[in-house]
>>> print(open('entry_12.txt').read())   # compact mmCIF, C-alpha atoms
# COMPACT_ATOMS: atom_id res chain seq x y z
CA PHE A 12 -0.49 21.27 12.55
CA GLN A 13 1.88 20.02 9.84
CA LYS A 14 1.00 16.44 10.83
CA THR A 15 -2.73 16.78 11.44
CA GLU A 16 -3.62 19.67 9.09
CA GLY A 17 -6.07 20.89 11.69
CA ASN A 18 -8.01 17.59 11.89
CA THR A 19 -9.41 17.68 15.45
CA PHE A 20 -9.75 13.90 15.81
CA PHE A 21 -6.21 13.27 14.53
CA THR A 22 -4.85 16.02 16.80
CA ILE A 23 -6.40 14.46 19.91
CA GLN A 24 -5.11 10.99 18.99
CA LEU A 25 -1.62 12.34 18.30
CA LEU A 26 -1.43 14.28 21.57
CA THR A 27 -2.62 11.20 23.47
CA VAL A 28 0.20 9.09 22.02
CA LEU A 29 2.82 11.74 22.74
CA PHE A 30 1.60 11.96 26.34
CA GLU A 31 1.58 8.16 26.76
CA GLU A 32 5.17 7.99 25.51
CA ASN A 33 6.29 10.85 27.80
CA ILE A 34 7.23 13.00 24.82
CA LEU A 35 4.60 15.49 25.94
CA PHE A 36 4.47 16.10 29.69
CA ARG A 37 3.80 18.61 32.45
CA ASN A 38 6.81 20.09 34.21
CA SER A 39 7.06 20.70 37.94
CA GLU A 40 5.14 23.96 37.53
CA GLY A 41 2.28 22.24 35.69
CA ILE A 42 3.21 23.74 32.33
CA TRP A 43 3.11 21.54 29.23
CA GLU A 44 6.49 20.80 27.64
CA TRP A 45 7.80 18.35 25.08
CA ASN A 46 11.04 16.55 24.35
CA GLU A 47 12.14 17.98 21.02
CA LYS A 48 14.69 15.22 20.35
CA LEU A 49 12.22 12.38 20.99
CA LEU A 50 9.57 14.18 19.00
CA GLN A 51 11.85 14.37 15.97
CA GLU A 52 12.85 10.71 16.35
CA ARG A 53 9.25 9.52 16.69
CA ASN A 54 8.10 8.27 13.27
CA ILE A 55 4.48 9.41 13.05
CA SER A 56 2.50 8.94 9.86
CA ASP A 57 0.92 11.99 8.22
CA ASN A 58 -2.12 9.84 7.39
CA VAL A 59 -4.66 9.49 10.19
CA VAL A 60 -5.73 5.96 9.15
CA ASP A 61 -2.12 4.73 8.97
CA PHE A 62 -1.48 6.35 12.35
CA LEU A 63 -4.52 4.64 13.91
CA GLU A 64 -3.53 1.32 12.34
CA GLN A 65 -0.18 1.60 14.16
CA LYS A 66 -2.01 2.35 17.43
CA ILE A 67 -4.32 -0.63 17.03
CA GLY A 68 -1.27 -2.77 16.31
CA ASN A 69 0.00 -1.97 19.81
CA LEU A 70 -3.09 -3.39 21.51
CA LYS A 71 -3.27 -6.89 22.98
CA PRO A 72 -3.70 -9.52 20.21
CA GLN A 73 -7.15 -10.50 21.54
CA THR A 74 -8.36 -6.89 21.50
CA GLN A 75 -6.92 -6.35 18.01
CA SER A 76 -8.71 -9.44 16.74
CA LEU A 77 -12.06 -8.36 18.20
CA LEU A 78 -11.75 -4.86 16.72
CA LYS A 79 -11.08 -6.40 13.31
CA ILE A 80 -14.12 -8.66 13.58
CA ALA A 81 -16.26 -5.82 14.92
CA ALA A 82 -15.20 -3.62 12.01
CA CYS A 83 -16.52 -6.26 9.62
CA LEU A 84 -19.92 -6.04 11.33
CA GLY A 85 -20.25 -2.34 10.58
CA ASP A 86 -20.13 1.00 12.34
CA ALA A 87 -22.22 -0.51 15.16
CA PHE A 88 -22.58 -4.06 16.43
CA ASP A 89 -24.03 -6.10 19.28
CA LEU A 90 -22.09 -8.11 21.83
CA LYS A 91 -23.88 -11.41 21.13
CA THR A 92 -23.13 -11.42 17.40
CA LEU A 93 -19.52 -10.41 17.99
CA SER A 94 -19.08 -13.20 20.56
CA LEU A 95 -20.56 -15.80 18.20
CA LEU A 96 -18.41 -14.59 15.33
CA ALA A 97 -15.29 -14.61 17.50
CA GLU A 98 -16.29 -18.00 18.96
CA GLU A 99 -15.64 -16.72 22.47
CA LYS A 100 -17.71 -16.48 25.66
CA THR A 101 -19.66 -13.26 25.96
CA ASN A 102 -18.05 -12.15 29.22
CA ALA A 103 -14.55 -12.79 27.82
CA VAL A 104 -15.33 -10.65 24.78
CA ALA A 105 -16.85 -7.96 27.00
CA GLY A 106 -13.69 -7.91 29.11
CA GLU A 107 -11.53 -7.36 26.04
CA LEU A 108 -13.87 -4.68 24.71
CA SER A 109 -13.55 -2.77 27.98
CA ASP A 110 -9.95 -1.97 26.97
CA ALA A 111 -11.16 -0.56 23.64
CA VAL A 112 -13.86 1.47 25.43
CA ASN A 113 -11.34 2.92 27.87
CA LEU A 114 -9.01 3.86 25.02
CA GLY A 115 -11.86 5.66 23.28
CA TYR A 116 -12.08 3.37 20.25
CA LEU A 117 -15.57 2.11 21.08
CA ILE A 118 -18.63 3.63 22.74
CA SER A 119 -21.51 1.69 24.25
CA THR A 120 -24.95 2.86 23.15
CA ASP A 121 -26.04 2.36 26.78
CA GLU A 122 -24.55 5.13 28.96
CA ASN A 123 -24.76 2.95 32.08
CA LEU A 124 -22.92 0.12 30.35
CA ASP A 125 -20.34 2.54 28.98
CA ALA A 126 -19.63 3.74 32.53
CA PHE A 127 -19.53 0.14 33.76
CA PHE A 128 -16.99 -0.85 31.11
CA ARG A 129 -14.77 2.07 32.08
CA THR A 130 -14.49 0.77 35.65
CA VAL A 131 -14.51 -3.03 35.23
CA SER A 132 -12.33 -5.26 33.07
CA ASP A 133 -12.85 -8.73 34.62
CA ILE A 134 -16.53 -9.10 33.78
CA GLU A 135 -18.72 -11.95 34.99
CA GLU A 136 -21.44 -13.42 32.78
CA ASN A 137 -24.21 -12.58 35.26
CA GLU A 138 -23.10 -8.92 35.36
CA LEU A 139 -23.90 -8.57 31.66
CA ALA A 140 -27.45 -9.88 32.05
CA ALA A 141 -28.61 -6.51 33.39
CA PHE A 142 -27.70 -4.87 30.09
CA ASN A 143 -29.41 -7.44 27.82
CA ASN A 144 -27.61 -7.62 24.46
CA ALA A 145 -25.23 -4.67 24.66
CA ARG A 146 -24.55 -2.64 21.53
CA PHE A 147 -21.42 -0.71 20.67
CA ARG A 148 -20.27 1.63 17.95
CA PHE A 149 -16.91 2.84 16.77
CA SER A 150 -16.23 6.30 18.16
CA HIS A 151 -15.00 7.46 14.74
CA ASP A 152 -15.26 6.03 11.23
CA ARG A 153 -11.47 6.34 10.86
CA ILE A 154 -10.96 3.84 13.69
CA ARG A 155 -13.15 1.28 11.95
CA GLN A 156 -11.35 1.99 8.67
CA ALA A 157 -7.98 1.42 10.34
CA ALA A 158 -9.18 -1.87 11.84
CA LEU A 159 -10.47 -3.05 8.45
CA MET A 160 -7.09 -2.36 6.87
CA GLN A 161 -5.68 -5.21 8.96
CA VAL A 162 -8.11 -7.72 7.45
CA GLY A 163 -7.22 -9.58 4.25
CA GLU A 164 -9.69 -9.80 1.37
CA THR A 165 -10.52 -13.48 1.85
CA GLU A 166 -10.74 -13.15 5.64
CA LEU A 167 -13.07 -10.18 5.23
CA ALA A 168 -15.34 -12.13 2.91
CA GLN A 169 -15.41 -15.09 5.33
CA LEU A 170 -16.18 -12.92 8.33
CA ASN A 171 -19.03 -11.25 6.48
CA LEU A 172 -20.46 -14.57 5.37
CA ASN A 173 -20.22 -15.94 8.91
CA ALA A 174 -21.95 -12.81 10.21
CA ALA A 175 -24.83 -13.32 7.77
CA ARG A 176 -25.14 -16.98 8.82
CA ILE A 177 -25.14 -16.07 12.52
CA LYS A 178 -27.87 -13.47 12.08
CA MET A 179 -29.98 -15.83 9.97
CA SER A 180 -29.66 -18.57 12.61
CA ASN A 181 -30.12 -16.48 15.75
CA LEU A 182 -32.55 -13.68 14.91
CA ARG A 183 -36.33 -13.90 14.99
CA GLU A 184 -38.19 -13.02 11.80
CA GLN A 185 -39.01 -9.47 12.86
CA GLU A 186 -35.40 -8.95 13.96
CA LYS A 187 -34.23 -10.19 10.56
CA GLU A 188 -36.51 -7.67 8.89
CA ASP A 189 -35.17 -4.91 11.13
CA GLU A 190 -31.60 -5.81 10.18
CA ILE A 191 -32.23 -6.83 6.57
CA PHE A 192 -29.78 -4.25 5.18
CA TYR A 193 -26.98 -5.56 7.42
CA ILE A 194 -27.76 -9.19 6.57
CA ALA A 195 -27.93 -8.53 2.84
CA ASN A 196 -24.69 -6.53 2.96
CA HIS A 197 -22.92 -9.35 4.81
CA PHE A 198 -24.16 -11.94 2.30
CA ILE A 199 -23.10 -9.80 -0.66
CA ALA A 200 -19.65 -9.14 0.85
CA GLY A 201 -19.16 -12.90 1.31
CA GLU A 202 -20.86 -13.91 -1.93
CA LYS A 203 -17.76 -15.30 -3.65
CA LEU A 204 -17.34 -17.92 -0.90
CA ILE A 205 -20.91 -19.27 -1.08
CA GLN A 206 -21.11 -22.68 -2.73
CA GLU A 207 -24.43 -24.13 -1.59
CA GLN A 208 -27.45 -23.30 -3.74
CA ASN A 209 -29.79 -22.87 -0.77
CA GLU A 210 -27.45 -20.27 0.70
CA LEU A 211 -27.31 -18.42 -2.61
CA MET A 212 -31.11 -18.34 -2.51
CA GLN A 213 -30.91 -16.88 1.00
CA LEU A 214 -28.64 -14.17 -0.39
CA ALA A 215 -31.12 -13.51 -3.20
CA ASN A 216 -34.09 -13.41 -0.83
CA CYS A 217 -32.41 -11.05 1.65
CA SER A 218 -31.12 -8.82 -1.14
CA TYR A 219 -34.59 -8.60 -2.69
CA ARG A 220 -36.18 -7.72 0.66
CA ALA A 221 -33.47 -5.12 1.27
CA GLY A 222 -34.11 -3.74 -2.22
CA VAL A 223 -37.83 -3.36 -1.57
CA LYS A 224 -37.17 -1.67 1.77
CA ALA A 225 -34.64 0.70 0.20
CA ARG A 226 -37.01 1.53 -2.68
CA ASN A 227 -39.83 2.26 -0.25
CA SER A 228 -37.49 4.68 1.53
CA SER A 229 -36.64 6.39 -1.78
CA ALA A 230 -33.05 5.11 -1.60
CA TYR A 231 -33.18 4.15 -5.26
CA ASP A 232 -29.45 3.68 -5.93
CA ALA A 233 -29.15 1.28 -2.99
CA ALA A 234 -32.32 -0.50 -4.12
CA ILE A 235 -30.87 -1.10 -7.59
CA ASN A 236 -27.71 -2.61 -6.08
CA TYR A 237 -29.73 -4.96 -3.87
CA PHE A 238 -32.00 -6.00 -6.76
CA ASP A 239 -28.93 -6.65 -8.94
CA ALA A 240 -27.49 -8.93 -6.23
CA ALA A 241 -30.80 -10.80 -6.01
CA LYS A 242 -31.06 -11.10 -9.80
CA ARG A 243 -27.66 -12.81 -10.04
CA HIS A 244 -29.06 -15.86 -8.29
CA LEU A 245 -32.70 -15.95 -9.38
CA SER A 246 -33.95 -17.91 -12.37
CA PHE A 247 -36.81 -16.41 -14.40
CA ASN A 248 -37.28 -19.39 -16.72
>>> encode(input="entry_12.txt", output="structure tokens")
Amino acid sequence: FQKTEGNTFFTIQLLTVLFEENILFRNSEGIWEWNEKLLQERNISDNVVDFLEQKIGNLKPQTQSLLKIAACLGDAFDLKTLSLLAEEKTNAVAGELSDAVNLGYLISTDENLDAFFRTVSDIEENELAAFNNARFRFSHDRIRQAALMQVGETELAQLNLNAARIKMSNLREQEKEDEIFYIANHFIAGEKLIQEQNELMQLANCSYRAGVKARNSSAYDAAINYFDAAKRHLSFN
């Protein structure tokens, strides 16, 4: 309790680590015990995000990298966009994500796919076809926050800009409209790296459309922010 302050999510994550490291274990009678000496020696952060960042740092480099990229895409993301952003084959990315699913960091929005990922790690391309473009979400906002902490400011801006470019190049018009908030947010997050005028106009256009959509939903504060982003790159002369 001193470590987690009653935070249920943090408590579960902490107990999982202690069990994995054999600090917490069942004795021959099936009763839970712990190694007091190892527990005292184990340096565990009091901050849940710092603690999760340490856990993510113990994953395979490929899985760490994908979680970082996925975190830049938002709380939820699709497999196709992640694969394009990571510049990896879809089945290879899916195989790496299966580790994150099994560890409880990610959840598939398709229950059948979630079950599939928990049983298969070496995934063939044709096996994914049955699930169309799979979508995932972080199981907790703290996990995404911890993954983002491993991304530098410039890298984060570049990943966001690349994500906006990928969505603009690969989505149909109606799909772009459906995801206009995500696209605008990605453009705005990568704004400082944009040098081409036509791309700045894309940012302005997407931000304006997002502003209109937000205003129509009575999300006025968000609408003002989108309109401000559009205004920065529009000429009224």
>>> atom_distance(input="entry_12.txt", atom1="atom CA of A:Cys217", atom2="atom CA of A:Gly85")
17.4 Å
>>> residues_around(input="entry_12.txt", residues="stretch 202-215 of chain A", least_positions_apart="6", cutoff="7 Å", atoms="only C-alpha atoms", output="ChimeraX atom specification")
/A:195,240-241,244-245
>>> closest_residue(input="entry_12.txt", among="A:Ser218, A:Ser228, A:Ser150, A:Thr92", to="A:Asn173", atoms="only C-alpha atoms")
A:Thr92
>>> closest_residue(input="entry_12.txt", among="A:Gly222, A:Phe147, A:Ile191, A:Cys83", to="A:Glu164", atoms="all atoms listed in the file")
A:Cys83
>>> closest_residue(input="entry_12.txt", among="A:Ala157, A:Ser39, A:Glu31, A:Ala175", to="A:Leu93", atoms="all atoms listed in the file")
A:Ala175
>>> atom_distance(input="entry_12.txt", atom1="atom CA of A:Leu90", atom2="atom CA of A:Val162")
20.1 Å
>>> residues_around(input="entry_12.txt", residues="A:Tyr193", least_positions_apart="3", cutoff="12 Å", atoms="all atoms listed in the file", output="MDAnalysis selection string")
chainID A and resid 83:88 171:172 174:179 186:190 196:200 214 217:218 220:221 237
>>> atom_distance(input="entry_12.txt", atom1="atom CA of A:Lys79", atom2="atom CA of A:Gln161")
7.0 Å
>>> residues_around(input="entry_12.txt", residues="stretch 72-77 of chain A", least_positions_apart="4", cutoff="8 Å", atoms="all atoms listed in the file", output="list in words")
Ile67, Gly68, Ala81, Leu93, Ala97, Val104, Glu107, Leu108, Asp110, Ala111 and Ala158 of chain A
>>> closest_residue(input="entry_12.txt", among="A:Leu49, A:Ala225, A:Leu35, A:Leu29", to="A:Lys66", atoms="all atoms listed in the file")
A:Leu29
>>> closest_residue(input="entry_12.txt", among="A:Ser94, A:Ser119, A:Thr27, A:Gln169", to="A:Arg146", atoms="only C-alpha atoms")
A:Ser119
>>> closest_residue(input="entry_12.txt", among="A:Thr19, A:Gln24, A:Asn236, A:Asn216", to="A:Gly115", atoms="all atoms listed in the file")
A:Gln24
>>> axis_aligned_box(input="entry_12.txt", around="stretch 209-213 of chain A", padding_each_side="6 Å", output="JSON")
{"center_x": -29.2, "center_y": -19.9, "center_z": -0.8, "size_x": 15.8, "size_y": 18.0, "size_z": 15.6}
